[in-house]
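A.B. asks: The structure's right below; bear with me while I get my questions together.
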Amino acid sequence: MAFSISSKKAAVAALFSFLVVTCVAGARPGNFSASDFTADPNWEAARATWYGAPTGAGPDDDGGACGFKNTNQYPFSSMTSCGNEPIFKDGKGCGSCYQIRCVNHPACSGNPETVIITDMNYYPVSKYHFDLSGTAFGAMAKPGQNDQLRHAGIIDIQFKRVPCNFPGLKVTFHVEEGSNPVYFAVLVEYEDGDGDVVQVDLMEANSQSWTPMRESWGSIWRLDSNHRLTAPFSLRITNESGKQLVASQVIPANWAPMAVYRSFVQYSS
């Protein structure tokens, strides 16, 4: 049976749409029985896809399931990725940094590029699956071959965890919308080193004790209080390595929802 030119184009478009997996919809889970490791013991094997605009930051520049803001701007600079559960870690992998590289496609440069985890990949095609922004996927290409690599759809890559480094930035707290005197929610950003946060604690003014906050979602932590909270607040963060930082009275007495408060503390990367 003959096909028209338009039907052939439609078939090609449909095939490409299937290959390019998004963080919220896409290919079915793949066969995870393949080897987990590459020949290089410092790198592990993974697969990569991309989503969003070809030169964008993924999910409308809003950080997706991690809650980060303006991921098209410094320090994310659109070099972002969704991670499936071993990478996303139910939100506790948000903000962690990985080097990625591809070597098996003719357009691959083989050079490592660093990406930051900003979202969750719900439909992995391998044990480790990076669903990259279009910018990050294209960054693995040889000069001038970014689009050629993006047209590959799903590719084999190698990855390794690396320390995050955000020059010129201190740990920053974004008070979330809806916060009030008995409910306080905050997004934690820009941690050097591990890049992630596994616990946040709050100390009220004139108090000597820390109250544990609960992970709300992604990198957003919340405290539901049975009394009116007394500011200024100090915040203590703990990263995956167990290292703690205290941002003393970082949230002022006149704090407001949707305001950003920059601390004077930072992990050594």
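In the structure tokens, chains take the letters A, B, ... in the order shown, each chain's residues start at 1, and ligands count up from 1 in the order shown.
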Enumerate, in order of chain and increasing residue number, the residues of stretch 158-178 of chain A with an atom no farther than 12 Å from stretch 124-143 of chain A, each with its shortest atom pair and distance in Å to one decimal, counting only C-alpha atoms, as CSV.
C.D. replies:
residue,atom,partner,partner_atom,distance
A:Gln158,CA,A:Tyr128,CA,9.8
A:Phe159,CA,A:Tyr128,CA,9.2
A:Lys160,CA,A:Tyr128,CA,11.0
A.B. asks: When DSSP works through the backbone of this structure, what residues of stretch 36-128 of chain A end up as helix (DSSP H, G or I), shown as a PyMOL selection string?
C.D. replies: chain A and resi 64-66+85-91
A.B. asks: Determine, counting only C-alpha atoms, which protein, DNA and RNA residues have an atom within 9 Å of an atom of A:Leu169; residues of the same chain fewer than 5 positions away are not included. Present the result as a list in words.
C.D. replies: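 My list of contacting residues is Pro75, Tyr190, Glu191, Asp192, Arg262 and Gln266 of chain A.
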A.B. asks: Those residues with C-alpha atoms, as a compact mmCIF listing (two decimals), in the first residue's frame please?
C.D. replies:
# COMPACT_ATOMS: atom_id res chain seq x y z
CA PRO A 75 23.24 29.31 38.61
CA TYR A 190 22.19 26.95 46.22
CA GLU A 191 24.02 24.59 48.57
CA ASP A 192 27.62 23.91 47.53
CA ARG A 262 19.94 35.17 51.49
CA GLN A 266 27.72 28.15 52.63
A.B. asks: With only C-alpha atoms as the counted atoms, please give the residues lying no more than 10 Å from A:Cys102, apart from itself and same-chain residues fewer than 6 positions off, as a ChimeraX atom specification.
C.D. replies: /A:45-48,108-113,137,140-141,149,155-159
A.B. asks: For the atom pair atom CA of A:Leu187 and atom CA of A:Tyr122, what is the interatomic distance in Å to one decimal place?
C.D. replies: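 Interatomic distance, atom CA of A:Leu187 to atom CA of A:Tyr122: 22.1 Å.
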A.B. asks: Atom CA of A:Glu85 to atom CA of A:Val246: how many Å, to one decimal?
C.D. replies: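 Interatomic distance, atom CA of A:Glu85 to atom CA of A:Val246: 28.7 Å.
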A.B. asks: For a quick check of understanding, using only C-alpha atoms, which of A:Thr172, A:Ser207, A:Asn121, A:Thr230 has the smallest distance to A:Ala65?
C.D. replies: A:Asn121
A.B. asks: In terms of the shortest atom-to-atom distance over only C-alpha atoms, which of A:Phe88, A:Trp221, A:Tyr98, A:Tyr123 is closest to A:Gly64?
C.D. replies: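 Distance minimum relative to A:Gly64 lands on A:Phe88.
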A.B. asks: What does the distance between atom CA of A:Ile116 and atom CA of A:Gly93 come to in Å, to one decimal place?
C.D. replies: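 Going from atom CA of A:Ile116 over to atom CA of A:Gly93, I get 9.6 Å.
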A.B. asks: For the strand (DSSP E) assignment from backbone DSSP, which residues of stretch 73-179 of chain A qualify? Please present them as an NGL selection string.
C.D. replies: :A and (80-83 or 97-101 or 113-120 or 129-133 or 155-162 or 172-175)
A.B. asks: Using N, CA, C and O atoms, can you write the selected residues to a file as a CSV table (one decimal), in the first residue's frame?
C.D. replies:
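Listing of part_24.csv after writing:
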chain,number,residue,atom,x,y,z
A,80,THR,N,19.8,21.6,33.4
A,80,THR,CA,19.0,20.9,34.4
A,80,THR,C,18.6,19.6,33.9
A,80,THR,O,18.6,19.3,32.7
A,81,SER,N,18.1,18.8,34.8
A,81,SER,CA,17.6,17.4,34.5
A,81,SER,C,16.6,16.9,35.4
A,81,SER,O,16.6,17.2,36.6
A,82,CYS,N,15.7,16.1,34.9
A,82,CYS,CA,14.9,15.2,35.8
A,82,CYS,C,15.7,14.0,36.1
A,82,CYS,O,16.5,13.6,35.3
A,83,GLY,N,15.5,13.4,37.2
A,83,GLY,CA,16.1,12.1,37.6
A,83,GLY,C,15.0,11.1,38.0
A,83,GLY,O,14.0,11.5,38.6
A,97,CYS,N,24.3,17.5,41.9
A,97,CYS,CA,25.0,17.8,40.7
A,97,CYS,C,25.6,16.5,40.1
A,97,CYS,O,26.2,15.7,40.9
A,98,TYR,N,25.6,16.4,38.8
A,98,TYR,CA,26.1,15.2,38.1
A,98,TYR,C,26.9,15.7,36.9
A,98,TYR,O,26.4,16.6,36.2
A,99,GLN,N,28.0,15.0,36.6
A,99,GLN,CA,28.6,15.1,35.3
A,99,GLN,C,28.0,14.1,34.4
A,99,GLN,O,27.8,12.9,34.8
A,100,ILE,N,27.8,14.4,33.2
A,100,ILE,CA,27.3,13.5,32.2
A,100,ILE,C,28.1,13.6,30.9
A,100,ILE,O,28.7,14.7,30.6
A,101,ARG,N,28.2,12.5,30.2
A,101,ARG,CA,28.9,12.6,28.9
A,101,ARG,C,28.3,11.5,28.0
A,101,ARG,O,27.8,10.5,28.5
A,113,GLU,N,29.7,17.3,31.0
A,113,GLU,CA,28.9,18.5,31.3
A,113,GLU,C,28.3,18.3,32.6
A,113,GLU,O,27.9,17.2,33.0
A,114,THR,N,28.1,19.4,33.4
A,114,THR,CA,27.5,19.3,34.7
A,114,THR,C,26.0,19.7,34.7
A,114,THR,O,25.7,20.8,34.1
A,115,VAL,N,25.1,18.9,35.2
A,115,VAL,CA,23.7,19.3,35.3
A,115,VAL,C,23.3,19.2,36.8
A,115,VAL,O,23.9,18.5,37.6
A,116,ILE,N,22.2,19.9,37.1
A,116,ILE,CA,21.6,19.9,38.4
A,116,ILE,C,20.2,19.3,38.4
A,116,ILE,O,19.4,19.5,37.4
A,117,ILE,N,19.9,18.4,39.3
A,117,ILE,CA,18.6,17.8,39.4
A,117,ILE,C,17.6,18.7,39.9
A,117,ILE,O,17.7,19.3,41.0
A,118,THR,N,16.5,19.0,39.0
A,118,THR,CA,15.5,19.9,39.3
A,118,THR,C,14.1,19.3,39.2
A,118,THR,O,13.1,20.0,39.5
A,119,ASP,N,14.0,18.0,38.9
A,119,ASP,CA,12.6,17.5,38.6
A,119,ASP,C,12.7,16.0,38.7
A,119,ASP,O,13.8,15.4,38.8
A,120,MET,N,11.5,15.4,38.7
A,120,MET,CA,11.3,13.9,38.8
A,120,MET,C,11.0,13.3,37.5
A,120,MET,O,10.1,13.9,36.7
A,129,HIS,N,18.1,7.1,34.6
A,129,HIS,CA,17.6,7.8,33.5
A,129,HIS,C,17.6,9.3,33.7
A,129,HIS,O,16.9,9.8,34.7
A,130,PHE,N,18.3,10.1,32.9
A,130,PHE,CA,18.3,11.5,33.0
A,130,PHE,C,17.5,12.1,31.9
A,130,PHE,O,17.8,11.8,30.7
A,131,ASP,N,16.4,12.7,32.2
A,131,ASP,CA,15.6,13.4,31.2
A,131,ASP,C,16.0,14.9,31.3
A,131,ASP,O,15.6,15.6,32.1
A,132,LEU,N,16.8,15.2,30.3
A,132,LEU,CA,17.5,16.5,30.4
A,132,LEU,C,16.7,17.6,29.7
A,132,LEU,O,15.9,17.4,28.9
A,133,SER,N,17.1,18.9,30.1
A,133,SER,CA,16.6,20.0,29.3
A,133,SER,C,17.2,19.9,27.9
A,133,SER,O,18.2,19.3,27.7
A,155,ILE,N,19.6,8.2,24.1
A,155,ILE,CA,21.0,7.9,23.9
A,155,ILE,C,21.6,7.3,25.2
A,155,ILE,O,21.1,7.5,26.3
A,156,ASP,N,22.6,6.5,25.0
A,156,ASP,CA,23.4,6.0,26.1
A,156,ASP,C,24.3,7.1,26.6
A,156,ASP,O,25.0,7.7,25.8
A,157,ILE,N,24.4,7.2,27.9
A,157,ILE,CA,25.4,8.2,28.5
A,157,ILE,C,26.1,7.6,29.7
A,157,ILE,O,25.8,6.5,30.1
A,158,GLN,N,27.1,8.3,30.2
A,158,GLN,CA,27.8,7.9,31.4
A,158,GLN,C,27.6,9.1,32.4
A,158,GLN,O,27.5,10.2,32.0
A,159,PHE,N,27.6,8.8,33.7
A,159,PHE,CA,27.4,9.8,34.7
A,159,PHE,C,28.1,9.5,35.9
A,159,PHE,O,28.5,8.4,36.2
A,160,LYS,N,28.4,10.6,36.7
A,160,LYS,CA,28.9,10.4,38.1
A,160,LYS,C,28.5,11.6,38.9
A,160,LYS,O,28.3,12.8,38.4
A,161,ARG,N,28.4,11.4,40.2
A,161,ARG,CA,28.0,12.5,41.1
A,161,ARG,C,29.2,13.4,41.3
A,161,ARG,O,30.4,12.9,41.5
A,162,VAL,N,29.0,14.7,41.4
A,162,VAL,CA,30.1,15.6,41.6
A,162,VAL,C,29.7,16.7,42.6
A,162,VAL,O,28.5,16.9,42.7
A,172,THR,N,20.3,30.1,50.2
A,172,THR,CA,19.2,31.0,50.0
A,172,THR,C,17.8,30.3,50.4
A,172,THR,O,17.6,29.2,50.1
A,173,PHE,N,16.9,31.1,51.0
A,173,PHE,CA,15.6,30.6,51.4
A,173,PHE,C,14.5,31.4,50.8
A,173,PHE,O,14.5,32.7,50.9
A,174,HIS,N,13.6,30.8,50.1
A,174,HIS,CA,12.5,31.4,49.5
A,174,HIS,C,11.2,31.0,50.3
A,174,HIS,O,10.8,29.8,50.3
A,175,VAL,N,10.6,32.0,51.0
A,175,VAL,CA,9.4,31.7,51.7
A,175,VAL,C,8.3,31.5,50.8
A,175,VAL,O,8.0,32.3,49.9
A.B. asks: Select, from A:Tyr51, A:Phe233, A:Phe166, A:Phe184, the residue with the minimum atom-to-atom distance to A:Ser77, counting only C-alpha atoms.
C.D. replies: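 Residue with the minimum atom-to-atom distance to A:Ser77: A:Phe166.
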A.B. asks: Need the shell around stretch 177-183 of chain A: protein/DNA/RNA residues with any atom at most 6 Å away, counting only C-alpha atoms. Skip same-chain ones fewer than 6 positions apart. Format as a list in words?
C.D. replies: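 The filter keeps Leu223, Asp224, Ser225, Arg228, Leu229, Pro257 and Met258 of chain A.
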A.B. asks: Write the residues you've just listed into a file as a PDB file, in the first residue's frame, and include all heavy atoms for each of them.
C.D. replies:
ATOM      1  N   LEU A 223       6.594  23.690  58.278  1.00  0.00           N
ATOM      2  CA  LEU A 223       6.332  23.505  59.701  1.00  0.00           C
ATOM      3  C   LEU A 223       4.889  23.916  59.971  1.00  0.00           C
ATOM      4  O   LEU A 223       4.503  25.063  59.734  1.00  0.00           O
ATOM      5  CB  LEU A 223       7.285  24.343  60.549  1.00  0.00           C
ATOM      6  CG  LEU A 223       7.060  24.304  62.071  1.00  0.00           C
ATOM      7  CD1 LEU A 223       7.213  22.887  62.610  1.00  0.00           C
ATOM      8  CD2 LEU A 223       8.017  25.245  62.781  1.00  0.00           C
ATOM      9  N   ASP A 224       4.081  22.960  60.434  1.00  0.00           N
ATOM     10  CA  ASP A 224       2.719  23.238  60.880  1.00  0.00           C
ATOM     11  C   ASP A 224       2.763  23.367  62.397  1.00  0.00           C
ATOM     12  O   ASP A 224       3.026  22.385  63.095  1.00  0.00           O
ATOM     13  CB  ASP A 224       1.782  22.099  60.470  1.00  0.00           C
ATOM     14  CG  ASP A 224       1.713  21.928  58.957  1.00  0.00           C
ATOM     15  OD1 ASP A 224       0.994  22.688  58.312  1.00  0.00           O
ATOM     16  OD2 ASP A 224       2.396  21.028  58.425  1.00  0.00           O
ATOM     17  N   SER A 225       2.510  24.557  62.899  1.00  0.00           N
ATOM     18  CA  SER A 225       2.697  24.823  64.319  1.00  0.00           C
ATOM     19  C   SER A 225       1.364  24.851  65.062  1.00  0.00           C
ATOM     20  O   SER A 225       0.315  25.194  64.497  1.00  0.00           O
ATOM     21  CB  SER A 225       3.409  26.167  64.493  1.00  0.00           C
ATOM     22  OG  SER A 225       3.549  26.491  65.851  1.00  0.00           O
ATOM     23  N   ARG A 228       1.419  30.426  67.426  1.00  0.00           N
ATOM     24  CA  ARG A 228       1.949  31.458  66.532  1.00  0.00           C
ATOM     25  C   ARG A 228       3.475  31.465  66.618  1.00  0.00           C
ATOM     26  O   ARG A 228       4.042  31.598  67.707  1.00  0.00           O
ATOM     27  CB  ARG A 228       1.384  32.838  66.891  1.00  0.00           C
ATOM     28  CG  ARG A 228      -0.113  32.981  66.627  1.00  0.00           C
ATOM     29  CD  ARG A 228      -0.609  34.365  67.040  1.00  0.00           C
ATOM     30  NE  ARG A 228      -0.030  35.411  66.199  1.00  0.00           N
ATOM     31  CZ  ARG A 228      -0.570  35.827  65.062  1.00  0.00           C
ATOM     32  NH1 ARG A 228      -1.696  35.287  64.614  1.00  0.00           N
ATOM     33  NH2 ARG A 228      -0.001  36.793  64.370  1.00  0.00           N
ATOM     34  N   LEU A 229       4.103  31.319  65.485  1.00  0.00           N
ATOM     35  CA  LEU A 229       5.561  31.279  65.442  1.00  0.00           C
ATOM     36  C   LEU A 229       6.133  32.678  65.659  1.00  0.00           C
ATOM     37  O   LEU A 229       5.616  33.667  65.132  1.00  0.00           O
ATOM     38  CB  LEU A 229       6.025  30.725  64.104  1.00  0.00           C
ATOM     39  CG  LEU A 229       5.631  29.273  63.822  1.00  0.00           C
ATOM     40  CD1 LEU A 229       5.852  28.925  62.356  1.00  0.00           C
ATOM     41  CD2 LEU A 229       6.422  28.321  64.726  1.00  0.00           C
ATOM     42  N   PRO A 257       5.507  36.150  52.844  1.00  0.00           N
ATOM     43  CA  PRO A 257       5.442  35.084  51.838  1.00  0.00           C
ATOM     44  C   PRO A 257       5.962  35.574  50.489  1.00  0.00           C
ATOM     45  O   PRO A 257       5.813  36.749  50.139  1.00  0.00           O
ATOM     46  CB  PRO A 257       3.944  34.755  51.760  1.00  0.00           C
ATOM     47  CG  PRO A 257       3.372  35.229  53.049  1.00  0.00           C
ATOM     48  CD  PRO A 257       4.184  36.427  53.436  1.00  0.00           C
ATOM     49  N   MET A 258       6.601  34.662  49.758  1.00  0.00           N
ATOM     50  CA  MET A 258       7.168  34.916  48.431  1.00  0.00           C
ATOM     51  C   MET A 258       8.422  35.780  48.466  1.00  0.00           C
ATOM     52  O   MET A 258       8.945  36.163  47.416  1.00  0.00           O
ATOM     53  CB  MET A 258       6.130  35.538  47.481  1.00  0.00           C
ATOM     54  CG  MET A 258       4.858  34.715  47.339  1.00  0.00           C
ATOM     55  SD  MET A 258       5.174  33.047  46.706  1.00  0.00           S
ATOM     56  CE  MET A 258       5.625  33.395  45.020  1.00  0.00           C
TER      57      MET A 258
END
A.B. asks: Pick out the residues sitting within 7 Å of A:Cys164, and hand them over as a list in words; count only C-alpha atoms, and ignore anything fewer than 4 positions along from it in its own chain.
C.D. replies: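 Listed by chain and then number, they are Ser96, Cys97, Asp192, Gly193, Asp194, Gly195 and Ser269 of chain A.
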A.B. asks: Keeping only C-alpha atoms, write the selected residues to a file as a short mmCIF file (atom, residue, chain, number, x, y, z; two decimals), in the first residue's frame.
C.D. replies:
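Listed below is the output, selection_1.cif:
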data_model
loop_
_atom_site.label_atom_id
_atom_site.label_comp_id
_atom_site.auth_asym_id
_atom_site.auth_seq_id
_atom_site.Cartn_x
_atom_site.Cartn_y
_atom_site.Cartn_z
CA SER A 96 22.46 17.50 43.49
CA CYS A 97 24.98 17.80 40.67
CA ASP A 192 27.62 23.91 47.53
CA GLY A 193 29.01 20.41 47.98
CA ASP A 194 26.23 17.81 48.08
CA GLY A 195 23.76 20.34 46.70
CA SER A 269 32.49 22.49 48.02
#
A.B. asks: From the options A:Phe68, A:Tyr74, A:Trp43, A:Tyr267, which residue's atoms come nearest to A:Asn239, counting only C-alpha atoms?
C.D. replies: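 Ranked by minimum distance to A:Asn239, first place goes to A:Tyr267.
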